[in-house]
Each structure stands twice: as C-alpha cells, then as structure tokens.
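Student: Dropping in entry-v5.txt, which is compact mmCIF, C-alpha atoms:
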```
# COMPACT_ATOMS: atom_id res chain seq x y z
CA MET A 1 18.54 2.92 35.04
CA ILE A 2 19.34 4.65 31.78
CA PHE A 3 20.00 2.13 29.04
CA VAL A 4 22.34 3.33 26.31
CA THR A 5 22.63 1.45 23.03
CA VAL A 6 24.60 2.19 19.88
CA GLY A 7 23.04 -0.68 17.94
CA THR A 8 24.86 -3.11 15.70
CA GLN A 9 26.07 -0.76 12.97
CA GLY A 10 29.52 -0.13 14.41
CA SER A 11 31.12 2.23 16.86
CA PHE A 12 29.54 5.46 18.06
CA ASP A 13 32.18 7.15 20.17
CA ARG A 14 30.46 10.52 20.24
CA LEU A 15 27.47 9.05 22.07
CA VAL A 16 29.53 6.86 24.41
CA THR A 17 31.80 9.77 25.40
CA ALA A 18 28.89 12.14 25.85
CA MET A 19 27.17 9.66 28.15
CA ASP A 20 30.36 9.07 30.11
CA GLU A 21 30.80 12.80 30.67
CA TRP A 22 27.24 13.11 31.87
CA ALA A 23 27.49 10.05 34.14
CA ARG A 24 30.63 11.49 35.74
CA GLU A 25 28.57 14.46 36.90
CA HIS A 26 25.58 12.33 37.91
CA PRO A 27 26.89 9.40 39.95
CA GLU A 28 23.42 8.99 41.48
CA THR A 29 21.99 7.79 38.18
CA ASP A 30 22.53 4.19 37.09
CA VAL A 31 23.63 3.83 33.49
CA PHE A 32 24.30 0.70 31.49
CA ALA A 33 25.49 0.74 27.89
CA GLN A 34 25.89 -1.46 24.87
CA ILE A 35 28.74 0.23 23.02
CA GLY A 36 29.61 -2.03 20.08
CA PRO A 37 33.19 -1.61 18.83
CA SER A 38 33.47 2.00 20.07
CA GLU A 39 37.04 2.94 20.99
CA SER A 40 36.20 5.00 24.04
CA GLU A 41 35.43 2.79 27.02
CA PRO A 42 33.13 4.36 29.59
CA GLU A 43 34.68 4.92 33.01
CA HIS A 44 31.55 5.87 34.87
CA PHE A 45 29.13 3.07 34.10
CA ASP A 46 29.06 -0.61 33.18
CA PHE A 47 28.91 -1.65 29.59
CA GLN A 48 29.00 -4.55 27.19
CA ARG A 49 30.01 -4.39 23.57
CA ASP A 50 27.23 -6.59 22.30
CA LEU A 51 24.06 -8.02 23.78
CA GLU A 52 22.08 -11.10 22.91
CA PRO A 53 18.53 -10.20 21.85
CA ALA A 54 17.07 -11.50 25.13
CA ASP A 55 19.55 -9.46 27.18
CA PHE A 56 18.89 -6.41 25.05
CA GLN A 57 15.18 -6.80 25.71
CA ARG A 58 15.74 -7.24 29.44
CA HIS A 59 17.78 -4.04 29.64
CA LEU A 60 15.11 -2.19 27.69
CA GLU A 61 12.44 -3.42 30.07
CA ASN A 62 14.44 -2.40 33.12
CA ALA A 63 15.28 1.03 31.78
CA SER A 64 13.64 4.21 33.00
CA ALA A 65 14.86 5.85 29.82
CA VAL A 66 16.63 4.79 26.66
CA VAL A 67 19.43 6.75 25.00
CA ALA A 68 20.29 5.42 21.58
CA HIS A 69 21.49 5.96 18.08
CA ALA A 70 18.56 6.74 15.80
CA GLY A 71 18.02 3.18 14.62
CA CYS A 72 14.43 2.48 13.72
CA GLY A 73 14.39 -0.95 15.32
CA THR A 74 15.73 0.40 18.60
CA ILE A 75 13.27 3.29 18.61
CA LEU A 76 10.29 1.04 17.97
CA SER A 77 11.35 -1.54 20.56
CA ALA A 78 11.73 1.15 23.21
CA LEU A 79 8.46 2.86 22.32
CA GLU A 80 6.57 -0.41 22.49
CA LEU A 81 7.65 -0.63 26.11
CA GLY A 82 6.60 2.92 26.74
CA LYS A 83 10.09 4.15 27.53
CA PRO A 84 11.14 7.75 27.07
CA VAL A 85 13.58 7.71 24.18
CA VAL A 86 16.42 10.10 23.45
CA VAL A 87 18.22 9.57 20.17
CA MET A 88 21.45 10.95 18.82
CA PRO A 89 21.49 10.25 15.08
CA ARG A 90 24.69 8.96 13.50
CA ARG A 91 26.16 11.49 11.10
CA ALA A 92 27.82 10.68 7.80
CA ASP A 93 30.17 13.70 7.92
CA LEU A 94 31.66 12.34 11.15
CA GLY A 95 32.06 8.87 9.69
CA GLU A 96 29.37 7.43 11.95
CA HIS A 97 27.30 6.02 9.12
CA ARG A 98 27.28 5.72 5.36
CA ASN A 99 24.60 8.36 5.00
CA ASP A 100 22.40 10.69 7.03
CA HIS A 101 19.27 8.55 7.13
CA GLN A 102 19.41 8.44 10.93
CA VAL A 103 19.18 12.22 10.99
CA ALA A 104 16.02 11.96 8.92
CA THR A 105 14.61 9.14 11.04
CA ALA A 106 15.25 11.11 14.23
CA GLU A 107 13.50 14.17 12.81
CA ARG A 108 10.45 12.18 11.69
CA PHE A 109 9.96 10.52 15.06
CA ALA A 110 10.66 13.80 16.84
CA ASP A 111 7.98 15.45 14.69
CA LEU A 112 5.55 12.79 15.91
CA GLU A 113 6.65 13.72 19.43
CA ARG A 114 7.65 10.13 20.01
CA VAL A 115 11.31 10.70 20.74
CA ARG A 116 13.64 13.50 21.77
CA ALA A 117 16.31 13.97 19.12
CA VAL A 118 19.63 15.56 20.07
CA GLU A 119 22.28 16.59 17.59
CA ASP A 120 25.29 16.91 19.85
CA THR A 121 26.75 16.33 23.28
CA ALA A 122 25.50 19.59 24.73
CA ALA A 123 21.95 18.89 23.62
CA LEU A 124 22.12 15.36 25.02
CA HIS A 125 23.27 16.67 28.39
CA ARG A 126 20.47 19.22 28.44
CA VAL A 127 17.84 16.57 27.75
CA LEU A 128 19.30 14.16 30.31
CA ASP A 129 19.24 16.89 32.94
CA GLU A 130 15.53 17.28 32.24
CA LEU A 131 14.91 13.55 32.24
CA ALA A 132 13.04 13.66 35.48
CA ASP A 133 10.44 15.72 33.63
CA LEU A 134 10.43 13.40 30.64
CA GLU A 135 7.18 11.54 30.78
CA PRO A 136 6.53 8.36 28.91
CA ALA A 137 3.45 10.26 27.83
CA ALA A 138 3.88 9.20 24.28
CA ARG A 139 3.55 5.60 25.36
CA ILE A 140 2.04 3.64 22.58
CA ASP A 141 -0.68 1.25 23.52
CA ALA A 142 -1.04 -2.25 22.23
CA GLY A 143 -2.96 -1.22 19.15
CA ALA A 144 -2.57 1.03 16.19
CA GLN A 145 -4.08 4.48 15.79
CA THR A 146 -7.85 4.38 15.58
CA GLU A 147 -7.77 6.06 12.19
CA LEU A 148 -5.70 3.22 10.75
CA LEU A 149 -7.89 0.53 12.30
CA ASP A 150 -11.03 2.22 10.98
CA ARG A 151 -9.58 2.53 7.50
CA ILE A 152 -8.68 -1.16 7.33
CA ARG A 153 -11.93 -2.31 8.94
CA SER A 154 -14.11 -0.32 6.57
CA PHE A 155 -12.10 -1.61 3.62
CA ILE A 156 -12.49 -5.22 4.73
CA ASP A 157 -16.16 -4.96 5.55
CA GLY A 158 -17.02 -2.49 2.81
CA MET B 159 0.47 -7.00 12.33
CA GLN B 160 -0.87 -7.78 15.78
CA ARG B 161 -1.19 -4.06 16.33
CA VAL B 162 -3.82 -3.82 13.60
CA ALA B 163 -5.53 -7.11 14.49
CA ALA B 164 -8.49 -5.24 15.99
CA SER B 165 -9.41 -4.17 12.45
CA PHE B 166 -10.21 -7.76 11.48
CA ALA B 167 -11.48 -9.06 14.80
CA GLY B 168 -14.42 -11.41 14.40
CA HIS B 169 -13.21 -12.86 11.11
CA ARG B 170 -11.59 -16.27 10.72
CA ILE B 171 -7.87 -15.67 10.68
CA THR B 172 -4.82 -17.54 9.44
CA TRP B 173 -1.49 -16.03 10.42
CA VAL B 174 1.41 -16.61 8.06
CA THR B 175 4.87 -15.93 9.42
CA THR B 176 8.51 -16.89 9.00
CA LEU B 177 8.97 -17.41 12.74
CA PRO B 178 7.44 -20.53 14.37
CA GLY B 179 7.87 -18.89 17.79
CA TYR B 180 4.96 -16.55 17.10
CA ARG B 181 2.53 -19.45 17.52
CA GLU B 182 2.22 -18.66 21.21
CA GLN B 183 1.36 -15.05 20.52
CA VAL B 184 -1.79 -15.68 18.51
CA PRO B 185 -5.09 -17.24 19.61
CA THR B 186 -5.07 -21.02 19.42
CA ASP B 187 -8.27 -21.01 17.35
CA ASP B 188 -6.56 -19.04 14.59
CA GLY B 189 -4.80 -20.76 11.73
CA PHE B 190 -1.03 -20.53 11.82
CA ARG B 191 1.43 -21.33 9.03
CA VAL B 192 5.15 -20.90 8.75
CA VAL B 193 6.86 -20.07 5.47
CA HIS B 194 10.52 -19.88 4.57
CA ASP B 195 12.19 -16.49 5.06
CA ALA B 196 13.77 -15.10 1.92
CA ASN B 197 14.72 -11.86 0.23
CA LEU B 198 16.00 -10.63 -3.10
CA GLN B 199 19.54 -11.72 -2.20
CA ARG B 200 18.42 -15.32 -1.79
CA LYS B 201 16.86 -16.31 -5.07
CA LEU B 202 16.46 -20.00 -4.33
CA GLY B 203 14.82 -19.15 -1.04
CA LEU B 204 12.47 -16.83 -2.91
CA VAL B 205 11.32 -19.67 -5.15
CA LEU B 206 10.64 -21.87 -2.13
CA LEU B 207 8.84 -19.02 -0.39
CA ALA B 208 6.73 -18.35 -3.47
CA LEU B 209 5.69 -22.01 -3.68
CA GLN B 210 4.86 -22.17 0.03
CA THR B 211 2.89 -18.96 -0.12
CA PHE B 212 1.02 -20.09 -3.21
CA TRP B 213 0.13 -23.34 -1.46
CA THR B 214 -1.00 -21.45 1.62
CA ILE B 215 -3.30 -19.23 -0.45
CA LEU B 216 -4.57 -22.25 -2.40
CA VAL B 217 -5.64 -24.19 0.67
CA THR B 218 -6.88 -21.30 2.83
CA ARG B 219 -8.59 -19.34 0.01
CA PRO B 220 -8.71 -16.07 1.96
CA ASP B 221 -11.29 -13.37 1.30
CA VAL B 222 -8.79 -10.78 2.48
CA VAL B 223 -4.99 -10.79 2.52
CA ILE B 224 -3.29 -8.21 4.72
CA SER B 225 0.45 -7.81 5.20
CA THR B 226 3.09 -5.46 6.55
CA GLY B 227 5.81 -7.01 4.39
CA ALA B 228 8.23 -8.09 3.16
CA ALA B 229 8.82 -10.84 0.57
CA PRO B 230 6.25 -13.25 2.10
CA GLY B 231 3.67 -10.48 2.14
CA TYR B 232 4.44 -9.54 -1.44
CA PHE B 233 3.77 -13.09 -2.62
CA ALA B 234 0.70 -13.43 -0.42
CA LEU B 235 -0.90 -10.32 -1.91
CA ARG B 236 0.06 -11.29 -5.44
CA PHE B 237 -1.34 -14.82 -5.22
CA GLY B 238 -4.25 -13.67 -3.09
CA LYS B 239 -5.22 -11.29 -5.87
CA TRP B 240 -5.18 -14.15 -8.39
CA PHE B 241 -7.73 -15.97 -6.25
CA GLY B 242 -9.95 -12.94 -5.92
CA ALA B 243 -9.05 -11.80 -2.42
CA LYS B 244 -9.14 -8.18 -1.33
CA THR B 245 -5.56 -7.22 -0.64
CA ILE B 246 -4.16 -4.77 1.87
CA TRP B 247 -0.55 -3.67 2.22
CA VAL B 248 0.49 -1.72 5.32
CA ASP B 249 4.10 -0.72 4.69
CA SER B 250 6.19 -1.09 7.82
CA ILE B 251 6.72 2.01 9.93
CA ALA B 252 10.41 1.15 9.77
CA ASN B 253 10.41 2.54 6.24
CA VAL B 254 10.73 6.16 7.20
CA GLU B 255 12.31 7.77 4.16
CA ARG B 256 11.00 5.61 1.38
CA LEU B 257 8.65 2.72 0.84
CA SER B 258 10.16 -0.75 1.23
CA VAL B 259 11.27 -2.57 -1.91
CA SER B 260 8.49 -5.10 -1.48
CA GLY B 261 6.06 -2.28 -0.73
CA ALA B 262 6.88 -0.57 -4.01
CA LYS B 263 6.72 -3.80 -6.01
CA VAL B 264 3.41 -4.88 -4.52
CA ARG B 265 1.57 -1.81 -5.76
CA ARG B 266 -0.20 -3.53 -8.67
CA PHE B 267 -1.52 -6.24 -6.37
CA ALA B 268 -2.61 -4.09 -3.43
CA ASP B 269 -6.22 -2.92 -3.40
CA LEU B 270 -5.49 -0.84 -0.33
CA TRP B 271 -1.90 0.41 -0.35
CA LEU B 272 -0.86 2.16 2.85
CA THR B 273 2.22 3.88 4.16
CA GLN B 274 2.52 4.81 7.82
CA TRP B 275 4.28 8.09 7.11
CA PRO B 276 2.30 11.09 5.83
CA HIS B 277 5.26 12.47 3.87
CA LEU B 278 5.42 9.27 1.79
CA ALA B 279 1.76 9.44 0.83
CA ASP B 280 0.89 10.74 -2.59
CA ASP B 281 -2.11 10.97 -4.92
CA ASP B 282 -0.33 8.54 -7.22
CA GLY B 283 1.31 6.67 -4.39
CA PRO B 284 0.36 4.96 -1.19
CA GLU B 285 -2.32 6.34 1.10
CA PHE B 286 -1.64 7.49 4.63
CA ALA B 287 -4.33 6.59 7.16
CA GLY B 288 -2.46 6.62 10.44
CA ALA B 289 0.24 4.48 11.94
CA VAL B 290 0.65 1.56 14.32
CA LEU B 291 1.91 3.91 17.02
```
Would you mind giving the structure from this file in structure tokens?
Tutor:
Amino acid sequence: MIFVTVGTQGSFDRLVTAMDEWAREHPETDVFAQIGPSESEPEHFDFQRDLEPADFQRHLENASAVVAHAGCGTILSALELGKPVVVMPRRADLGEHRNDHQVATAERFADLERVRAVEDTAALHRVLDELADLEPAARIDAGAQTELLDRIRSFIDG
Amino acid sequence: MQRVAASFAGHRITWVTTLPGYREQVPTDDGFRVVHDANLQRKLGLVLLALQTFWTILVTRPDVVISTGAAPGYFALRFGKWFGAKTIWVDSIANVERLSVSGAKVRRFADLWLTQWPHLADDDGPEFAGAVL
C-alpha cells in the first residue's frame, strides 16, 4: 500500500491529482491518501481528509512507500519506520505554501539520500514507476550516527 | 533524545519531558519528570515552566544537561549551567534551514552546541558532528 499524505497545512491538489492519475494507470497498486481540504477528490483510491495521530501512524506502518508533501515531521516519521519516502514540496508560486521552505527541506533530505524529491507530476510518476526498485536502504536504525554519539560521549566523559 | 541515549549509557539518568506518556518508553530505573509545555507565545506558561525546570535542576543536581529543545531544554541548560553542569544542546533535525529559536538563544549556556545539518555549522556558530539519522 502506498500511503499519501498532504499533512495539515492545507490543500495540495497538485499532489492529489498526480497520485490519482498514476493510480488510474496502476489499479494493481493499493493507495490510500490523507488529502486535507484539497478540492480534487481522488477517484481511484480511498482517502480521508484528516487522520487522528494513531490512524496516521497505523497507515505509515502499513505502507510499503510513503508519498508526501515535504513536511519535516512527516519525513522523519516515515524514515523512522524505514519506509521509502517520495516528497513533492509545496511551492509558494503555486499558492501551496507561504514560502518555499519545503523545497529547501526536500533538497536537504534528498542530498542525504534519505528521500526522493520530485518537483512535478511527471517526476512523481517516474519515481512511482520505479518504486519496485526503491529500497528502504536508507532505513535509519534506532540510534544516531556513530559520529554524533562519539562526539557527545567524549564530551561527557572528557 | 532516545536516539542519542547510547552516548550517555551507564550514567544515572533523569528524563525531563512535557509528555507523561513517555514514561513507558524509558527504563524504569531512570528518573522521570514532567514539566509544563510552553513557548514564547505563552508567557505565563513560560514562567511556570521556568520554575519547574529550576526546581528539577535544584533537586537532581545533574553533572550533565543534554537537550534537543525547545523551551524546556533552553531553561534546563541555562539553570544547569548555573549549578555547574556541563551542557549540551543538540538542535532538532527538524530545523533544516535555520537553528531553532531556542537553539539560537541557548548559545551562551551551551558548552557543546550542535546542529544536525552541516550547512548550518559555522566557526562562530554551532558545530556539526553528525545527525540522529
């Protein structure tokens, strides 16, 4: 199941529509979406506008991949569960957010090779088509990077 | 914070949080204290938080205070410093483009001042030494 979430910062029609178009061509893939107040209602998968935190978590856990806006909380929650994450950042010029900080967030996490960032519908479709090859290789384990642990440990004990 | 817990394994630990539900997630032998959640928009809450945090530091007298934020961590480092503790700030990885408000304000009270993003590190600013993921 692909879990799609637009977060709690308002509508994100571009993502919802892009997912609906993809799902139409891929009826074999289960998709479930949290779409917020988006105007476009998906025709090819189930959705809810809002999810309680526990339900959100359950959908994350059940997902084979997560497609989301580039919200930091969403990204971190999905990565903690080792899910492949594809993000489409909200863009200010399209009225999707007040500013372009999601574009920056997406680029930073993409640079770390933690998420796949897509800028438009075509790019999203390309990545989804490759999803079978998307490994949760970047799965984060329960702890922090060794470098960080060493730095803190030596500071405490030093 | 639990993701960096390995760095202080073996020490006596008191966890301070705003969420009582975290009790189950930490070892029962560890100390556990709940403080009021507050931020700059809730001044009265901030006063209460400051008093609670001060009390917590006073009775636990930590050798080391480590926090990932935000307002509770700021007060904990500040008061911890007054009582001679070593203080460590690990700014949350959620702060991608700039340091958190509390992270910037805590600078004077943080002996070790870390960001989790290399592009935010600076000779005059926080140090980057890796991230929690």
Student: Pick the closest to B:Gly288 from B:Leu257, B:Ile246, B:Leu270, B:Ile251: which is it, counting all atoms listed in the file?
Tutor: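 Looking at the shortest contact to B:Gly288, the residue is B:Ile251.
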Student: Listed atoms of stretch 89-97 of chain A, axis-aligned box, 8 Å per side: centre and edge lengths to one decimal in Å, as JSON?
Tutor:
```
{"center_x": 26.8, "center_y": 9.9, "center_z": 11.4, "size_x": 26.6, "size_y": 23.7, "size_z": 23.3}
```
Student: In terms of the shortest atom-to-atom distance over all atoms listed in the file, which of B:Val259, B:Val205, B:Ala234, B:Ala167 is closest to chain A?
Tutor: B:Ala167
Student: Near stretch 69-71 of chain A, within 10 Å and counting all atoms listed in the file, which residues show up once chain neighbours fewer than 2 positions away are dropped, as a ChimeraX atom specification?
Tutor: /A:4-9,12,15,66-67,73-76,85-90,101-107,109,115,117-118 /B:252
Student: Find the residues in chain B near chain A: any atom within 12 Å counts, using all atoms listed in the file. Write them as an MDAnalysis selection string.
Tutor: chainID B and resid 159:169 220:225 243:248 250:256 269:278 285:291
Student: Please provide as JSON, numbers by chain all residues within 8 Å of A:Asp50, with the sequence filter that same-chain residues fewer than 3 positions apart are discarded (counting only C-alpha atoms).
Tutor: {"A": [8, 34, 35, 36]}
Student: What is the distance, in Å and to one decimal place, between atom CA of B:Thr175 and atom CA of B:His194?
Tutor: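 We find that atom CA of B:Thr175 and atom CA of B:His194 lie 8.4 Å from each other.
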